[in-house]
Structure formats: structure tokens, C-alpha cells
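See below for final-v3.txt, which holds compact mmCIF, N, CA and C atoms.
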```txt
# COMPACT_ATOMS: atom_id res chain seq x y z
N MET J 894 -36.70 -79.33 -15.37
CA MET J 894 -35.41 -79.75 -14.86
C MET J 894 -34.33 -79.03 -15.65
N ASP J 895 -33.46 -78.32 -14.95
CA ASP J 895 -32.39 -77.61 -15.66
C ASP J 895 -31.27 -78.58 -16.03
N LYS J 896 -30.33 -78.10 -16.85
CA LYS J 896 -29.29 -79.00 -17.38
C LYS J 896 -28.41 -79.59 -16.28
N HIS J 897 -28.16 -78.83 -15.21
CA HIS J 897 -27.33 -79.36 -14.12
C HIS J 897 -28.06 -80.47 -13.39
N GLN J 898 -29.33 -80.26 -13.12
CA GLN J 898 -30.12 -81.30 -12.45
C GLN J 898 -30.17 -82.57 -13.29
N LYS J 899 -30.32 -82.39 -14.59
CA LYS J 899 -30.38 -83.54 -15.48
C LYS J 899 -29.07 -84.32 -15.44
N ILE J 900 -27.95 -83.62 -15.45
CA ILE J 900 -26.64 -84.29 -15.38
C ILE J 900 -26.49 -85.05 -14.07
N PHE J 901 -26.86 -84.43 -12.94
CA PHE J 901 -26.77 -85.12 -11.65
C PHE J 901 -27.67 -86.35 -11.64
N LYS J 902 -28.85 -86.25 -12.25
CA LYS J 902 -29.77 -87.38 -12.29
C LYS J 902 -29.17 -88.52 -13.11
N ILE J 903 -28.60 -88.21 -14.27
CA ILE J 903 -28.02 -89.25 -15.12
C ILE J 903 -26.82 -89.90 -14.44
N ILE J 904 -25.96 -89.10 -13.81
CA ILE J 904 -24.83 -89.67 -13.09
C ILE J 904 -25.33 -90.57 -11.96
N GLY J 905 -26.36 -90.14 -11.27
CA GLY J 905 -26.96 -90.96 -10.22
C GLY J 905 -27.47 -92.28 -10.75
N LEU J 906 -28.10 -92.26 -11.91
CA LEU J 906 -28.58 -93.50 -12.53
C LEU J 906 -27.41 -94.39 -12.93
N ASN J 907 -26.31 -93.79 -13.37
CA ASN J 907 -25.11 -94.57 -13.68
C ASN J 907 -24.57 -95.24 -12.42
N VAL J 908 -24.52 -94.50 -11.32
CA VAL J 908 -24.06 -95.07 -10.04
C VAL J 908 -24.93 -96.26 -9.67
N LYS J 909 -26.24 -96.08 -9.77
CA LYS J 909 -27.17 -97.15 -9.41
C LYS J 909 -26.97 -98.38 -10.30
N GLU J 910 -26.80 -98.16 -11.59
CA GLU J 910 -26.60 -99.26 -12.54
C GLU J 910 -25.35 -100.07 -12.18
N TYR J 911 -24.24 -99.38 -11.95
CA TYR J 911 -23.00 -100.08 -11.64
C TYR J 911 -23.03 -100.70 -10.25
N ARG J 912 -23.72 -100.07 -9.30
CA ARG J 912 -23.85 -100.67 -7.97
C ARG J 912 -24.61 -101.99 -8.05
N LYS J 913 -25.69 -101.99 -8.83
CA LYS J 913 -26.47 -103.22 -8.98
C LYS J 913 -25.68 -104.30 -9.71
N LYS J 914 -24.90 -103.90 -10.72
CA LYS J 914 -24.05 -104.87 -11.43
C LYS J 914 -23.03 -105.49 -10.49
N ALA J 915 -22.59 -104.72 -9.50
CA ALA J 915 -21.63 -105.21 -8.51
C ALA J 915 -22.30 -105.99 -7.38
N ASN J 916 -23.62 -106.10 -7.45
CA ASN J 916 -24.39 -106.80 -6.41
C ASN J 916 -24.13 -106.23 -5.02
N LEU J 917 -24.12 -104.90 -4.94
CA LEU J 917 -23.92 -104.21 -3.67
C LEU J 917 -25.19 -103.48 -3.28
N THR J 918 -25.46 -103.44 -1.99
CA THR J 918 -26.52 -102.57 -1.49
C THR J 918 -25.96 -101.17 -1.37
N GLN J 919 -26.83 -100.20 -1.17
CA GLN J 919 -26.36 -98.84 -0.95
C GLN J 919 -25.47 -98.79 0.29
N GLN J 920 -25.84 -99.52 1.32
CA GLN J 920 -25.04 -99.53 2.55
C GLN J 920 -23.67 -100.13 2.32
N GLN J 921 -23.61 -101.23 1.58
CA GLN J 921 -22.31 -101.85 1.29
C GLN J 921 -21.40 -100.91 0.51
N LEU J 922 -21.97 -100.21 -0.45
CA LEU J 922 -21.17 -99.24 -1.21
C LEU J 922 -20.70 -98.12 -0.29
N ALA J 923 -21.58 -97.59 0.52
CA ALA J 923 -21.22 -96.50 1.43
C ALA J 923 -20.12 -96.95 2.40
N ASP J 924 -20.19 -98.19 2.86
CA ASP J 924 -19.18 -98.70 3.80
C ASP J 924 -17.79 -98.77 3.18
N LYS J 925 -17.71 -98.87 1.86
CA LYS J 925 -16.41 -98.98 1.20
C LYS J 925 -15.60 -97.69 1.30
N PHE J 926 -16.28 -96.55 1.53
CA PHE J 926 -15.52 -95.30 1.64
C PHE J 926 -16.00 -94.44 2.81
N ALA J 927 -16.47 -95.11 3.85
CA ALA J 927 -16.93 -94.43 5.07
C ALA J 927 -17.98 -93.38 4.74
N GLY J 928 -18.83 -93.71 3.78
CA GLY J 928 -19.91 -92.81 3.39
C GLY J 928 -21.19 -93.14 4.14
N ASP J 929 -22.25 -92.50 3.71
CA ASP J 929 -23.55 -92.66 4.35
C ASP J 929 -24.54 -93.22 3.33
N ARG J 930 -25.32 -94.24 3.72
CA ARG J 930 -26.27 -94.87 2.82
C ARG J 930 -27.26 -93.87 2.25
N SER J 931 -27.72 -92.94 3.07
CA SER J 931 -28.71 -91.97 2.58
C SER J 931 -28.10 -91.05 1.52
N LYS J 932 -26.79 -90.80 1.62
CA LYS J 932 -26.11 -89.99 0.60
C LYS J 932 -26.09 -90.74 -0.73
N ILE J 933 -25.82 -92.05 -0.69
CA ILE J 933 -25.84 -92.86 -1.90
C ILE J 933 -27.24 -92.83 -2.51
N SER J 934 -28.24 -92.97 -1.69
CA SER J 934 -29.62 -92.93 -2.17
C SER J 934 -29.94 -91.59 -2.83
N ASP J 935 -29.54 -90.51 -2.18
CA ASP J 935 -29.80 -89.18 -2.74
C ASP J 935 -29.06 -88.98 -4.07
N ILE J 936 -27.84 -89.47 -4.15
CA ILE J 936 -27.08 -89.36 -5.40
C ILE J 936 -27.77 -90.15 -6.49
N GLU J 937 -28.15 -91.39 -6.19
CA GLU J 937 -28.79 -92.24 -7.19
C GLU J 937 -30.11 -91.66 -7.68
N ASN J 938 -30.77 -90.91 -6.83
CA ASN J 938 -32.06 -90.32 -7.20
C ASN J 938 -31.94 -88.89 -7.71
N GLY J 939 -30.72 -88.43 -7.91
CA GLY J 939 -30.50 -87.10 -8.46
C GLY J 939 -30.86 -85.98 -7.50
N LYS J 940 -30.90 -86.27 -6.22
CA LYS J 940 -31.29 -85.27 -5.22
C LYS J 940 -30.10 -84.64 -4.52
N GLU J 941 -28.92 -85.12 -4.83
CA GLU J 941 -27.73 -84.68 -4.10
C GLU J 941 -26.76 -84.01 -5.05
N ASN J 942 -26.36 -82.79 -4.76
CA ASN J 942 -25.27 -82.14 -5.46
C ASN J 942 -24.00 -82.54 -4.73
N PHE J 943 -23.33 -83.54 -5.25
CA PHE J 943 -22.20 -84.15 -4.56
C PHE J 943 -20.89 -83.52 -4.98
N MET J 944 -19.91 -83.70 -4.14
CA MET J 944 -18.56 -83.23 -4.45
C MET J 944 -17.90 -84.24 -5.39
N PHE J 945 -17.01 -83.76 -6.22
CA PHE J 945 -16.31 -84.63 -7.16
C PHE J 945 -15.56 -85.73 -6.43
N SER J 946 -14.98 -85.40 -5.28
CA SER J 946 -14.23 -86.41 -4.51
C SER J 946 -15.13 -87.56 -4.09
N THR J 947 -16.40 -87.28 -3.83
CA THR J 947 -17.35 -88.34 -3.47
C THR J 947 -17.55 -89.27 -4.66
N LEU J 948 -17.65 -88.71 -5.85
CA LEU J 948 -17.82 -89.52 -7.05
C LEU J 948 -16.57 -90.38 -7.29
N VAL J 949 -15.40 -89.84 -7.02
CA VAL J 949 -14.16 -90.62 -7.14
C VAL J 949 -14.20 -91.79 -6.16
N ASP J 950 -14.62 -91.54 -4.93
CA ASP J 950 -14.73 -92.62 -3.93
C ASP J 950 -15.73 -93.68 -4.38
N ILE J 951 -16.86 -93.25 -4.93
CA ILE J 951 -17.87 -94.20 -5.40
C ILE J 951 -17.31 -95.06 -6.53
N ALA J 952 -16.63 -94.44 -7.48
CA ALA J 952 -16.04 -95.19 -8.59
C ALA J 952 -15.06 -96.23 -8.06
N GLU J 953 -14.23 -95.84 -7.11
CA GLU J 953 -13.28 -96.79 -6.52
C GLU J 953 -14.02 -97.91 -5.79
N GLY J 954 -15.09 -97.55 -5.07
CA GLY J 954 -15.87 -98.55 -4.35
C GLY J 954 -16.56 -99.54 -5.28
N LEU J 955 -16.91 -99.07 -6.46
CA LEU J 955 -17.56 -99.93 -7.45
C LEU J 955 -16.54 -100.62 -8.36
N ASN J 956 -15.28 -100.23 -8.23
CA ASN J 956 -14.22 -100.76 -9.07
C ASN J 956 -14.51 -100.52 -10.55
N VAL J 957 -14.93 -99.29 -10.86
CA VAL J 957 -15.18 -98.88 -12.24
C VAL J 957 -14.37 -97.63 -12.53
N ASP J 958 -14.17 -97.39 -13.80
CA ASP J 958 -13.49 -96.18 -14.23
C ASP J 958 -14.42 -94.99 -13.97
N LEU J 959 -13.89 -93.93 -13.43
CA LEU J 959 -14.68 -92.74 -13.15
C LEU J 959 -15.44 -92.27 -14.39
N ARG J 960 -14.83 -92.40 -15.54
CA ARG J 960 -15.48 -91.96 -16.79
C ARG J 960 -16.79 -92.69 -17.04
N ASP J 961 -16.90 -93.94 -16.58
CA ASP J 961 -18.14 -94.69 -16.76
C ASP J 961 -19.31 -94.04 -16.02
N LEU J 962 -19.02 -93.42 -14.90
CA LEU J 962 -20.07 -92.77 -14.12
C LEU J 962 -20.44 -91.41 -14.69
N LEU J 963 -19.56 -90.86 -15.51
CA LEU J 963 -19.78 -89.52 -16.05
C LEU J 963 -20.46 -89.52 -17.42
N ILE J 964 -20.70 -90.68 -17.98
CA ILE J 964 -21.34 -90.75 -19.30
C ILE J 964 -22.76 -90.22 -19.19
N VAL J 965 -23.04 -89.16 -19.92
CA VAL J 965 -24.37 -88.55 -19.85
C VAL J 965 -25.16 -88.74 -21.14
N GLU J 966 -24.61 -89.47 -22.08
CA GLU J 966 -25.32 -89.70 -23.33
C GLU J 966 -26.33 -90.83 -23.25
N LYS J 967 -26.30 -91.62 -22.18
CA LYS J 967 -27.24 -92.72 -22.05
C LYS J 967 -28.66 -92.19 -22.11
N ASN J 968 -29.53 -92.98 -22.67
CA ASN J 968 -30.93 -92.56 -22.84
C ASN J 968 -31.78 -93.23 -21.76
N TYR J 969 -31.82 -92.61 -20.59
CA TYR J 969 -32.66 -93.11 -19.52
C TYR J 969 -34.04 -92.47 -19.65
N ASN J 970 -35.05 -93.22 -19.30
CA ASN J 970 -36.41 -92.65 -19.29
C ASN J 970 -36.53 -91.77 -18.07
N GLU J 971 -36.94 -90.52 -18.28
CA GLU J 971 -37.12 -89.61 -17.15
C GLU J 971 -38.45 -89.89 -16.49
N LYS J 972 -38.44 -89.84 -15.19
CA LYS J 972 -39.67 -90.11 -14.42
C LYS J 972 -40.32 -88.81 -14.05
```
Let me see the structure of the file written as C-alpha cells.
Amino acid sequence: MDKHQKIFKIIGLNVKEYRKKANLTQQQLADKFAGDRSKISDIENGKENFMFSTLVDIAEGLNVDLRDLLIVEKNYNEK
């Protein structure tokens, strides 16, 4: 896994963590910014190279600071 893929994966895990804390399904989060549930799934699983504007929309939908989604120092277990 190259460094860019690792960063996308960690950001995706951050999105998933905050979505679950907000008690939202992927569909509910996607509905908050006219997004697509499969896109949320791909982002959470590190499979999507997303645009920055999408991440801004997700942060707003989760009501979290964008910086919280960008923290890459967290120690997640890689699968």
C-alpha cells in the first residue's frame, strides 16, 4: 500500500468512526449532501479517491470539524 492509499484508508476509517458516533447509516449521511451511499462505502473502505469538496460535505453532514477527518496519526489496525 503506497502512502497515498494509506492516507485515503485512514481518512475513510475516520469518516466511518464519526458516522457511527452520529448514529447514521451510510445512506443517511449520503442524503445529507445529495451523495451516493456506495460512494460513502468506498470512501470508508479506502477504495475511493475523493474530491476535497466531498470531504467537506461529509464533515458538514457529520457536524464535525474537517480537521477531525484528516487526522492520520491514529493507529488503526490494517487489514
task: With a distance cut-off of 8 Å and all atoms listed in the file, select the neighbouring residues of stretch 915-929 of chain J, excluding the residue or stretch itself and same-chain residues fewer than 3 positions from it, and output the selection as a list in words.
output: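 Close residues of stretch 915-929 of chain J: Lys909, Glu910, Tyr911, Arg912, Lys932, Ile933, Ser934, Asp935, Asp950, Ile951, Glu953, Gly954 and Leu955 of chain J.
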query: Smallest atom-to-atom distance to J:Leu906: which of J:Ile936, J:Val965, J:Met944, J:Met894, using only N, CA and C atoms?
result: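 Smallest distance to J:Leu906 is found for J:Ile936.
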Counting all atoms listed in the file, the option among J:Lys914, J:Phe901, J:Ile964, J:Asp895 closest to J:Glu941: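 Answer, going by the shortest atom-to-atom distance: J:Phe901.
Distance-wise, atom C of J:Phe945 and atom C of J:Asp958 end up 12.0 Å apart.
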query: Rounded to one decimal in Å, what is the spacing between atom CA of J:Ile900 and atom C of J:Ser931?
result: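 Atom-to-atom, atom CA of J:Ile900 and atom C of J:Ser931 are spaced 18.3 Å apart.
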message: Neighbouring residues of J:Glu937 were defined as those with any atom within 7 Å, considering all atoms listed in the file; residues of the same chain fewer than 6 positions away were excluded. Please report them as number ranges by chain.
response: J: 902, 904-909
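Our summary of the geometry notes that atom CA of J:Leu948 is positioned 16.3 Å from atom CA of J:Lys913.
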